[in-house]
Each structure stands twice: as structure tokens, then as C-alpha cells.
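Participant: Data file final.cif (mmCIF, C-alpha atoms) is appended below.
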```cif
data_structure
loop_
_atom_site.group_PDB
_atom_site.id
_atom_site.type_symbol
_atom_site.label_atom_id
_atom_site.label_comp_id
_atom_site.auth_asym_id
_atom_site.auth_seq_id
_atom_site.Cartn_x
_atom_site.Cartn_y
_atom_site.Cartn_z
ATOM 1 C CA ASP A 1 10.458 -35.825 -4.033
ATOM 2 C CA ALA A 2 8.508 -37.544 -1.296
ATOM 3 C CA GLY A 3 6.592 -35.126 0.839
ATOM 4 C CA VAL A 4 5.936 -35.394 4.538
ATOM 5 C CA ILE A 5 4.679 -38.861 5.338
ATOM 6 C CA GLN A 6 2.254 -39.578 8.143
ATOM 7 C CA SER A 7 0.805 -42.808 9.434
ATOM 8 C CA PRO A 8 -1.736 -44.007 10.028
ATOM 9 C CA ARG A 9 -4.049 -41.918 7.852
ATOM 10 C CA HIS A 10 -7.045 -42.873 9.933
ATOM 11 C CA GLU A 11 -7.238 -44.161 13.480
ATOM 12 C CA VAL A 12 -10.323 -45.168 15.401
ATOM 13 C CA THR A 13 -9.809 -46.134 18.999
ATOM 14 C CA GLU A 14 -11.654 -46.381 22.250
ATOM 15 C CA MET A 15 -11.337 -44.001 25.134
ATOM 16 C CA GLY A 16 -8.448 -44.916 27.397
ATOM 17 C CA GLN A 17 -6.351 -46.530 24.706
ATOM 18 C CA GLU A 18 -2.892 -45.362 23.735
ATOM 19 C CA VAL A 19 -2.537 -43.767 20.307
ATOM 20 C CA THR A 20 0.738 -43.219 18.470
ATOM 21 C CA LEU A 21 0.951 -41.044 15.391
ATOM 22 C CA ARG A 22 4.026 -41.135 13.188
ATOM 23 C CA CYS A 23 5.696 -38.653 10.908
ATOM 24 C CA LYS A 24 8.590 -38.715 8.475
ATOM 25 C CA PRO A 25 9.636 -35.185 7.488
ATOM 26 C CA ILE A 26 11.044 -34.191 4.133
ATOM 27 C CA SER A 27 14.675 -35.200 3.902
ATOM 28 C CA GLY A 28 16.966 -32.301 4.739
ATOM 29 C CA HIS A 29 14.359 -30.334 6.653
ATOM 30 C CA ASN A 30 15.508 -29.452 10.138
ATOM 31 C CA SER A 31 12.272 -28.265 11.728
ATOM 32 C CA LEU A 32 9.240 -30.388 12.461
ATOM 33 C CA PHE A 33 5.828 -29.291 13.699
ATOM 34 C CA TRP A 34 2.808 -31.146 15.077
ATOM 35 C CA TYR A 35 -0.569 -29.441 14.638
ATOM 36 C CA ARG A 36 -4.087 -30.367 15.617
ATOM 37 C CA GLN A 37 -7.063 -29.189 13.579
ATOM 38 C CA THR A 38 -10.667 -29.136 14.747
ATOM 39 C CA MET A 39 -13.705 -27.204 13.628
ATOM 40 C CA MET A 40 -13.930 -25.454 16.962
ATOM 41 C CA ARG A 41 -10.294 -24.468 17.486
ATOM 42 C CA GLY A 42 -8.888 -24.381 13.972
ATOM 43 C CA LEU A 43 -5.225 -25.195 13.401
ATOM 44 C CA GLU A 44 -3.279 -25.333 16.659
ATOM 45 C CA LEU A 45 0.457 -25.830 17.023
ATOM 46 C CA LEU A 46 1.149 -28.534 19.588
ATOM 47 C CA ILE A 47 4.932 -28.744 19.536
ATOM 48 C CA TYR A 48 7.848 -27.956 17.319
ATOM 49 C CA PHE A 49 11.325 -29.435 17.033
ATOM 50 C CA ASN A 50 14.438 -27.882 15.577
ATOM 51 C CA ASN A 51 17.332 -30.212 14.818
ATOM 52 C CA ASN A 52 15.487 -32.959 16.725
ATOM 53 C CA VAL A 53 15.261 -30.864 19.894
ATOM 54 C CA PRO A 54 11.852 -29.751 21.218
ATOM 55 C CA ILE A 55 11.818 -25.956 21.144
ATOM 56 C CA ASP A 56 8.262 -25.041 22.065
ATOM 57 C CA ASP A 57 5.767 -27.481 23.557
ATOM 58 C CA SER A 58 3.491 -24.871 25.071
ATOM 59 C CA GLY A 59 0.683 -26.008 22.800
ATOM 60 C CA MET A 60 0.635 -29.554 24.127
ATOM 61 C CA PRO A 61 -2.761 -29.805 25.824
ATOM 62 C CA GLU A 62 -1.776 -31.819 28.858
ATOM 63 C CA ASP A 63 0.434 -34.553 30.172
ATOM 64 C CA ARG A 64 -1.459 -37.157 28.209
ATOM 65 C CA PHE A 65 0.293 -35.861 25.109
ATOM 66 C CA SER A 66 3.962 -36.489 24.434
ATOM 67 C CA ALA A 67 6.139 -36.127 21.347
ATOM 68 C CA LYS A 68 9.570 -37.417 20.458
ATOM 69 C CA MET A 69 11.987 -36.982 17.627
ATOM 70 C CA PRO A 70 14.710 -39.610 18.040
ATOM 71 C CA ASN A 71 16.358 -38.706 14.728
ATOM 72 C CA ALA A 72 16.070 -36.309 11.818
ATOM 73 C CA SER A 73 13.771 -38.586 9.844
ATOM 74 C CA PHE A 74 11.182 -39.669 12.369
ATOM 75 C CA SER A 75 8.839 -38.237 14.982
ATOM 76 C CA THR A 76 5.975 -39.581 17.047
ATOM 77 C CA LEU A 77 3.066 -37.982 18.848
ATOM 78 C CA LYS A 78 1.584 -40.147 21.556
ATOM 79 C CA ILE A 79 -1.666 -39.749 23.444
ATOM 80 C CA GLN A 80 -2.083 -41.875 26.535
ATOM 81 C CA PRO A 81 -4.814 -42.318 27.623
ATOM 82 C CA SER A 82 -6.904 -41.005 24.748
ATOM 83 C CA GLU A 83 -10.205 -39.211 25.301
ATOM 84 C CA PRO A 84 -13.097 -38.401 22.938
ATOM 85 C CA ARG A 85 -12.137 -34.709 22.959
ATOM 86 C CA ASP A 86 -8.827 -35.666 21.334
ATOM 87 C CA SER A 87 -10.704 -36.504 18.140
ATOM 88 C CA ALA A 88 -9.228 -34.282 15.434
ATOM 89 C CA VAL A 89 -6.983 -34.270 12.404
ATOM 90 C CA TYR A 90 -3.332 -34.221 13.407
ATOM 91 C CA PHE A 91 -0.887 -32.762 10.912
ATOM 92 C CA CYS A 92 2.845 -32.999 10.856
ATOM 93 C CA ALA A 93 4.761 -30.341 8.932
ATOM 94 C CA SER A 94 8.418 -29.796 8.228
ATOM 95 C CA SER A 95 10.523 -26.895 7.052
ATOM 96 C CA GLN A 96 14.062 -26.019 6.126
ATOM 97 C CA ALA A 97 15.760 -22.890 7.394
ATOM 98 C CA ARG A 98 16.045 -20.407 4.572
ATOM 99 C CA GLY A 99 15.096 -16.788 4.011
ATOM 100 C CA VAL A 100 12.862 -14.676 6.191
ATOM 101 C CA THR A 101 10.465 -17.260 7.506
ATOM 102 C CA ASP A 102 10.478 -20.907 6.590
ATOM 103 C CA THR A 103 7.719 -22.329 4.416
ATOM 104 C CA GLN A 104 6.041 -25.285 6.055
ATOM 105 C CA TYR A 105 5.198 -28.455 4.155
ATOM 106 C CA PHE A 106 2.319 -30.391 5.627
ATOM 107 C CA GLY A 107 1.726 -34.096 5.594
ATOM 108 C CA PRO A 108 -1.662 -35.563 4.655
ATOM 109 C CA GLY A 109 -2.705 -35.779 8.305
ATOM 110 C CA THR A 110 -4.020 -38.479 10.606
ATOM 111 C CA ARG A 111 -7.741 -38.392 11.295
ATOM 112 C CA LEU A 112 -8.179 -39.603 14.856
ATOM 113 C CA THR A 113 -11.524 -40.659 16.255
ATOM 114 C CA VAL A 114 -11.747 -41.594 19.920
ATOM 115 C CA LEU A 115 -14.977 -43.318 20.831
ATOM 116 C CA GLY B 1 0.182 -13.519 22.631
ATOM 117 C CA GLN B 2 0.119 -12.783 18.957
ATOM 118 C CA GLN B 3 -3.227 -13.127 17.258
ATOM 119 C CA VAL B 4 -3.982 -13.434 13.577
ATOM 120 C CA MET B 5 -7.601 -12.969 12.622
ATOM 121 C CA GLN B 6 -9.300 -13.606 9.323
ATOM 122 C CA ILE B 7 -12.623 -12.501 7.937
ATOM 123 C CA PRO B 8 -14.978 -13.692 6.762
ATOM 124 C CA GLN B 9 -15.064 -17.134 8.315
ATOM 125 C CA TYR B 10 -17.219 -18.471 5.491
ATOM 126 C CA GLN B 11 -17.960 -17.197 2.003
ATOM 127 C CA HIS B 12 -20.264 -18.632 -0.623
ATOM 128 C CA VAL B 13 -19.943 -17.215 -4.120
ATOM 129 C CA GLN B 14 -21.385 -18.024 -7.494
ATOM 130 C CA GLU B 15 -18.838 -19.286 -9.976
ATOM 131 C CA GLY B 16 -17.397 -16.324 -11.817
ATOM 132 C CA GLU B 17 -17.801 -13.900 -8.919
ATOM 133 C CA ASP B 18 -14.833 -12.387 -7.140
ATOM 134 C CA PHE B 19 -13.763 -13.289 -3.609
ATOM 135 C CA THR B 20 -11.645 -11.546 -0.993
ATOM 136 C CA THR B 21 -10.416 -12.663 2.404
ATOM 137 C CA TYR B 22 -8.759 -10.356 4.910
ATOM 138 C CA CYS B 23 -6.129 -11.085 7.491
ATOM 139 C CA ASN B 24 -5.256 -8.871 10.467
ATOM 140 C CA SER B 25 -2.497 -9.278 12.982
ATOM 141 C CA SER B 26 -2.321 -7.835 16.477
ATOM 142 C CA THR B 27 1.392 -7.165 15.925
ATOM 143 C CA THR B 28 3.588 -6.002 13.076
ATOM 144 C CA LEU B 29 4.739 -8.916 10.965
ATOM 145 C CA SER B 30 8.086 -9.344 9.270
ATOM 146 C CA ASN B 31 6.286 -11.280 6.555
ATOM 147 C CA ILE B 32 3.071 -13.149 5.904
ATOM 148 C CA GLN B 33 2.351 -16.467 4.236
ATOM 149 C CA TRP B 34 -0.820 -17.787 2.651
ATOM 150 C CA TYR B 35 -1.881 -21.419 2.535
ATOM 151 C CA LYS B 36 -4.786 -23.243 0.885
ATOM 152 C CA GLN B 37 -6.441 -26.362 2.236
ATOM 153 C CA ARG B 38 -8.768 -28.278 -0.059
ATOM 154 C CA PRO B 39 -11.660 -30.174 1.562
ATOM 155 C CA GLY B 40 -10.242 -33.303 3.149
ATOM 156 C CA GLY B 41 -6.710 -32.184 2.349
ATOM 157 C CA HIS B 42 -3.830 -30.510 4.068
ATOM 158 C CA PRO B 43 -2.603 -26.907 4.020
ATOM 159 C CA VAL B 44 -0.444 -26.136 1.006
ATOM 160 C CA PHE B 45 1.802 -23.091 0.790
ATOM 161 C CA LEU B 46 0.747 -20.497 -1.775
ATOM 162 C CA ILE B 47 2.941 -17.446 -1.308
ATOM 163 C CA GLN B 48 4.992 -15.313 1.048
ATOM 164 C CA LEU B 49 4.939 -11.504 1.188
ATOM 165 C CA VAL B 50 7.771 -9.626 2.832
ATOM 166 C CA LYS B 51 7.780 -5.958 1.885
ATOM 167 C CA SER B 52 5.447 -3.261 3.098
ATOM 168 C CA GLY B 53 2.736 -2.657 0.494
ATOM 169 C CA GLU B 54 3.854 -5.645 -1.564
ATOM 170 C CA VAL B 55 1.454 -7.037 -4.154
ATOM 171 C CA LYS B 56 1.951 -10.402 -5.808
ATOM 172 C CA LYS B 57 -0.160 -12.196 -8.376
ATOM 173 C CA GLN B 58 -0.629 -15.841 -9.200
ATOM 174 C CA LYS B 59 -2.946 -16.097 -12.184
ATOM 175 C CA ARG B 60 -6.363 -15.084 -10.790
ATOM 176 C CA LEU B 61 -5.084 -14.686 -7.220
ATOM 177 C CA THR B 62 -3.789 -11.333 -5.962
ATOM 178 C CA PHE B 63 -2.055 -11.095 -2.597
ATOM 179 C CA GLN B 64 -1.391 -7.834 -0.818
ATOM 180 C CA PHE B 65 0.605 -6.938 2.298
ATOM 181 C CA GLY B 66 -0.449 -3.781 4.094
ATOM 182 C CA GLU B 67 1.728 -0.718 4.410
ATOM 183 C CA ALA B 68 1.912 -1.138 8.180
ATOM 184 C CA LYS B 69 2.638 -4.864 7.777
ATOM 185 C CA LYS B 70 -0.232 -5.776 10.085
ATOM 186 C CA ASN B 71 -2.771 -6.839 7.510
ATOM 187 C CA SER B 72 -3.009 -8.721 4.272
ATOM 188 C CA SER B 73 -5.587 -9.742 1.735
ATOM 189 C CA LEU B 74 -6.160 -12.409 -0.869
ATOM 190 C CA HIS B 75 -8.395 -11.597 -3.807
ATOM 191 C CA ILE B 76 -9.564 -14.164 -6.343
ATOM 192 C CA THR B 77 -10.942 -12.871 -9.616
ATOM 193 C CA ALA B 78 -13.668 -14.845 -11.381
ATOM 194 C CA THR B 79 -13.764 -17.787 -9.013
ATOM 195 C CA GLN B 80 -13.829 -21.325 -10.321
ATOM 196 C CA THR B 81 -14.933 -24.524 -8.618
ATOM 197 C CA THR B 82 -11.268 -25.458 -8.263
ATOM 198 C CA ASP B 83 -10.853 -22.520 -5.869
ATOM 199 C CA VAL B 84 -12.976 -24.271 -3.245
ATOM 200 C CA GLY B 85 -11.176 -24.700 0.056
ATOM 201 C CA THR B 86 -10.054 -22.900 3.167
ATOM 202 C CA TYR B 87 -7.514 -20.119 2.845
ATOM 203 C CA PHE B 88 -5.229 -19.425 5.789
ATOM 204 C CA CYS B 89 -2.875 -16.574 6.397
ATOM 205 C CA ALA B 90 0.040 -17.165 8.743
ATOM 206 C CA GLY B 91 2.537 -14.862 10.359
ATOM 207 C CA PRO B 92 5.768 -15.681 12.134
ATOM 208 C CA GLU B 93 5.546 -16.065 15.877
ATOM 209 C CA LYS B 94 7.333 -13.123 17.475
ATOM 210 C CA GLY B 95 11.006 -13.857 17.881
ATOM 211 C CA SER B 96 10.891 -16.998 15.795
ATOM 212 C CA ALA B 97 11.840 -17.553 12.164
ATOM 213 C CA ARG B 98 10.224 -20.958 12.121
ATOM 214 C CA GLN B 99 7.011 -20.930 14.107
ATOM 215 C CA LEU B 100 3.890 -19.640 12.417
ATOM 216 C CA THR B 101 0.665 -18.375 13.913
ATOM 217 C CA PHE B 102 -2.164 -19.366 11.589
ATOM 218 C CA GLY B 103 -5.314 -17.358 11.144
ATOM 219 C CA SER B 104 -8.669 -19.007 11.616
ATOM 220 C CA GLY B 105 -9.108 -19.379 7.872
ATOM 221 C CA THR B 106 -11.807 -18.438 5.370
ATOM 222 C CA GLN B 107 -13.766 -21.326 3.951
ATOM 223 C CA LEU B 108 -14.713 -20.625 0.344
ATOM 224 C CA THR B 109 -17.562 -22.417 -1.381
ATOM 225 C CA VAL B 110 -18.047 -21.838 -5.104
ATOM 226 C CA LEU B 111 -21.473 -22.634 -6.442
ATOM 227 C CA PRO B 112 -21.536 -23.818 -10.071
#
```
Could I get this file's structure written as C-alpha cells?

Facilitator:
Amino acid sequence: DAGVIQSPRHEVTEMGQEVTLRCKPISGHNSLFWYRQTMMRGLELLIYFNNNVPIDDSGMPEDRFSAKMPNASFSTLKIQPSEPRDSAVYFCASSQARGVTDTQYFGPGTRLTVL
Amino acid sequence: GQQVMQIPQYQHVQEGEDFTTYCNSSTTLSNIQWYKQRPGGHPVFLIQLVKSGEVKKQKRLTFQFGEAKKNSSLHITATQTTDVGTYFCAGPEKGSARQLTFGSGTQLTVLP
């Protein structure tokens, strides 16, 4: 089975540029999560979708960040304009509703560097 | 909001020594999950504990859920270099079956 797919794996950009991160969840999973991981703040949930609908975006840092899920097999996280403090590893994870609490399957992440 | 804390933040052990990481929640949890992230990798699910006082084993790893369901521990017996990584506990966000609050993680280094 293919796991969660993310692209690009690495992104280096200059401050002020637009960055788009992409995620393909595991087929059949109905929840999708975007996380950001830094040394200082650890693993932070940015936003989560259930059945393609954003449920909780309280973790989105500011208006520069936006996320979409146009269908069950694709999601994007966009940063516009990017800033050096956005440098981090961004993970996408997906899960399927079952049992007490869903297990989350993480993608390999996108390492973003904003110069 | 809900907080999940882990200690220690870092742990260096000699290969063959035991290792334990502790997880504490500010609220009672319906269940707890543990994940492992290898250096340069992504978090990978290890196990889920649901019952009060539950103990589960995976080879050299022993997971325990506290009686009050507010704390948990992961113990590794006779560490190996393959155990290197960061271990996270995660509890469900209150009122949600899907959102998880991750602990800050314990980064384990095993010295050969």
C-alpha cells in the first residue's frame, strides 16, 4: 500500500515568495492533518480536515497560511508570503475513523527553508 | 487547553542499558498512543493503550497506561542502536476522536 505522499520533499525559497506544499492521503482515509515541526515548538497541528471539510484551523499561525482539500485524495498548504520563521518540516498525516481514537499515518514531510 | 508533557526531553544511554520515558496529561485521557520518529524521518505509530492500568509489550518495549488514565510510560529494555529516535506520546484532543495532542517527545541517543 502506498503511504501518505508529500511533495516536494525539500523546498528552499526566498522570503516573500509563495510556497505550496502538497499531500496525497492514504486511499480510504477520511481525515487529513497538517503539522509543523520545529526544534523550538515541537510538533504542532496546523489544521485538520474531515471528509474534505476543515474542522479545526486554530493552529494556523496567521493569514499567510491557507489550506485546501478539494477532494479526498489531495490537499495543499500554502504560505504567502513566506518568512524565514516559517522554516520547518511540514508533515501531512491521514487517518481512518475506527475504534477509540484514530491512528495517524504520517507522510515523509517537506523540509522548508525560507532564506 | 489540554497539555501533554514528556520527560526527559533528552536521554543518552549506553547500548544495553534500559530507558524509560514518561508522559503526563493535564486531563484524563480516553486512550494514549505512542509514536517513534527516527532521525530525519517521520512519526510512526507504535501502539495504543485504552484501559486503565493497561500494560502492553512489543519485544523489548513495554508500554503502560496509568490507573488514573492521566499518565503513561514507555520502557525499553537493553537498548540497541536501532532504538535511536524521538518517542512521542499523544492523547486525543478533548471532545475529538480524531485530533491528537502530541507530547514534546523524548529524544533517545544510544551510544555503541

Participant: Give me, as a ChimeraX atom specification, the contact residues of chain B against chain A at a cut-off of 12 Å, counting only C-alpha atoms.

Facilitator: /B:4-6,9,29-51,86-107

Participant: Please identify all polymer residues within 10 Å of His75 in chain B, counting only C-alpha atoms, omitting same-chain residues fewer than 6 positions from it, and present them as a PyMOL selection string.

Facilitator: chain B and resi 18-22+57+60-64

Participant: Rounded to one decimal place, report the CA of Glu17 in chain B-CA of Val55 in chain B distance in Å.

Facilitator: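 A separation of 21.0 Å between them.
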
Participant: Starting from the displayed file, determine the output of the PyMOL selection byres ((chain B and resi 82) around 12) and express the residue list as a PDB file with C-alpha atoms, keeping the file's coordinate frame.

Facilitator:
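To be explicit, this is the file written out as selection.pdb:
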```pdb
ATOM      1  CA  GLU B  15     -18.838 -19.286  -9.976  1.00  0.00           C
ATOM      2  CA  GLY B  16     -17.397 -16.324 -11.817  1.00  0.00           C
ATOM      3  CA  LYS B  36      -4.786 -23.243   0.885  1.00  0.00           C
ATOM      4  CA  GLN B  37      -6.441 -26.362   2.236  1.00  0.00           C
ATOM      5  CA  ARG B  38      -8.768 -28.278  -0.059  1.00  0.00           C
ATOM      6  CA  PRO B  39     -11.660 -30.174   1.562  1.00  0.00           C
ATOM      7  CA  ARG B  60      -6.363 -15.084 -10.790  1.00  0.00           C
ATOM      8  CA  ILE B  76      -9.564 -14.164  -6.343  1.00  0.00           C
ATOM      9  CA  ALA B  78     -13.668 -14.845 -11.381  1.00  0.00           C
ATOM     10  CA  THR B  79     -13.764 -17.787  -9.013  1.00  0.00           C
ATOM     11  CA  GLN B  80     -13.829 -21.325 -10.321  1.00  0.00           C
ATOM     12  CA  THR B  81     -14.933 -24.524  -8.618  1.00  0.00           C
ATOM     13  CA  ASP B  83     -10.853 -22.520  -5.869  1.00  0.00           C
ATOM     14  CA  VAL B  84     -12.976 -24.271  -3.245  1.00  0.00           C
ATOM     15  CA  GLY B  85     -11.176 -24.700   0.056  1.00  0.00           C
ATOM     16  CA  THR B  86     -10.054 -22.900   3.167  1.00  0.00           C
ATOM     17  CA  LEU B 108     -14.713 -20.625   0.344  1.00  0.00           C
ATOM     18  CA  THR B 109     -17.562 -22.417  -1.381  1.00  0.00           C
ATOM     19  CA  VAL B 110     -18.047 -21.838  -5.104  1.00  0.00           C
ATOM     20  CA  LEU B 111     -21.473 -22.634  -6.442  1.00  0.00           C
ATOM     21  CA  PRO B 112     -21.536 -23.818 -10.071  1.00  0.00           C
TER      22      PRO B 112
END
```

Participant: Just so the selection is clear, what residues does the PyMOL selection byres ((chain B and resi 65) around 6) cover here, as a VMD selection string?

Facilitator: chain B and resid 53 to 54 64 66 72

Participant: Exactly which residues make up the result of the PyMOL selection byres ((chain A and resi 5) around 6) on this file, given as a list of chain:residue names?

Facilitator: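 That selection, the PyMOL selection byres ((chain A and resi 5) around 6), comes back as A:Val4, A:Gln6, A:Cys23, A:Lys24, A:Gly107.
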
Participant: Write out as a tab-separated table a residue-level contact list of range 40-93 of chain A versus range 13-18 of chain A with cut-off 12 Å: for each qualifying residue the closest pair of atoms and the distance in Å to one decimal, counting all atoms listed in the file, rows sorted by chain and residue number upward.

Facilitator:
```
residue	atom	partner	partner_atom	distance
A:Arg64	CA	A:Glu18	CA	9.5
A:Phe65	CA	A:Glu18	CA	10.1
A:Ser66	CA	A:Glu18	CA	11.2
A:Leu77	CA	A:Glu18	CA	10.7
A:Lys78	CA	A:Glu18	CA	7.2
A:Ile79	CA	A:Glu18	CA	5.8
A:Gln80	CA	A:Glu18	CA	4.5
A:Pro81	CA	A:Gly16	CA	4.5
A:Ser82	CA	A:Gly16	CA	5.0
A:Glu83	CA	A:Met15	CA	4.9
A:Pro84	CA	A:Met15	CA	6.3
A:Arg85	CA	A:Met15	CA	9.6
A:Asp86	CA	A:Met15	CA	9.5
A:Ser87	CA	A:Thr13	CA	9.7
```

Participant: Include C-alpha atoms and write out the residues we just selected as a PDB file, keeping the file's coordinate frame.

Facilitator:
```pdb
ATOM      1  CA  ARG A  64      -1.459 -37.157  28.209  1.00  0.00           C
ATOM      2  CA  PHE A  65       0.293 -35.861  25.109  1.00  0.00           C
ATOM      3  CA  SER A  66       3.962 -36.489  24.434  1.00  0.00           C
ATOM      4  CA  LEU A  77       3.066 -37.982  18.848  1.00  0.00           C
ATOM      5  CA  LYS A  78       1.584 -40.147  21.556  1.00  0.00           C
ATOM      6  CA  ILE A  79      -1.666 -39.749  23.444  1.00  0.00           C
ATOM      7  CA  GLN A  80      -2.083 -41.875  26.535  1.00  0.00           C
ATOM      8  CA  PRO A  81      -4.814 -42.318  27.623  1.00  0.00           C
ATOM      9  CA  SER A  82      -6.904 -41.005  24.748  1.00  0.00           C
ATOM     10  CA  GLU A  83     -10.205 -39.211  25.301  1.00  0.00           C
ATOM     11  CA  PRO A  84     -13.097 -38.401  22.938  1.00  0.00           C
ATOM     12  CA  ARG A  85     -12.137 -34.709  22.959  1.00  0.00           C
ATOM     13  CA  ASP A  86      -8.827 -35.666  21.334  1.00  0.00           C
ATOM     14  CA  SER A  87     -10.704 -36.504  18.140  1.00  0.00           C
TER      15      SER A  87
END
```

Participant: Interatomic distance between CA of Ala67 in chain A and CA of Leu115 in chain A?

Facilitator: 22.3 Å

Participant: To one decimal place in Å, what is the distance between CA of Asn52 in chain A and CA of His29 in chain A?

Facilitator: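 Between CA of Asn52 in chain A and CA of His29 in chain A the gap is 10.5 Å.
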
Participant: I need the residue nearest Thr27 in chain B from this list: B:Gln11, B:Asn71, B:Thr77, B:Ser52. Use all atoms listed in the file for the distance.

Facilitator: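 The closest residue to Thr27 in chain B is B:Asn71.
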
Participant: How big is the axis-aligned box, and where does its centre sit, when it encloses all atoms of range 100-110 of chain B listed in the file and has 3 Å added on every side, reported in Å to one decimal as AutoDock Vina command-line options?

Facilitator:
```
--center_x -7.1 --center_y -19.9 --center_z 4.4 --size_x 27.9 --size_y 11.1 --size_z 25.0
```
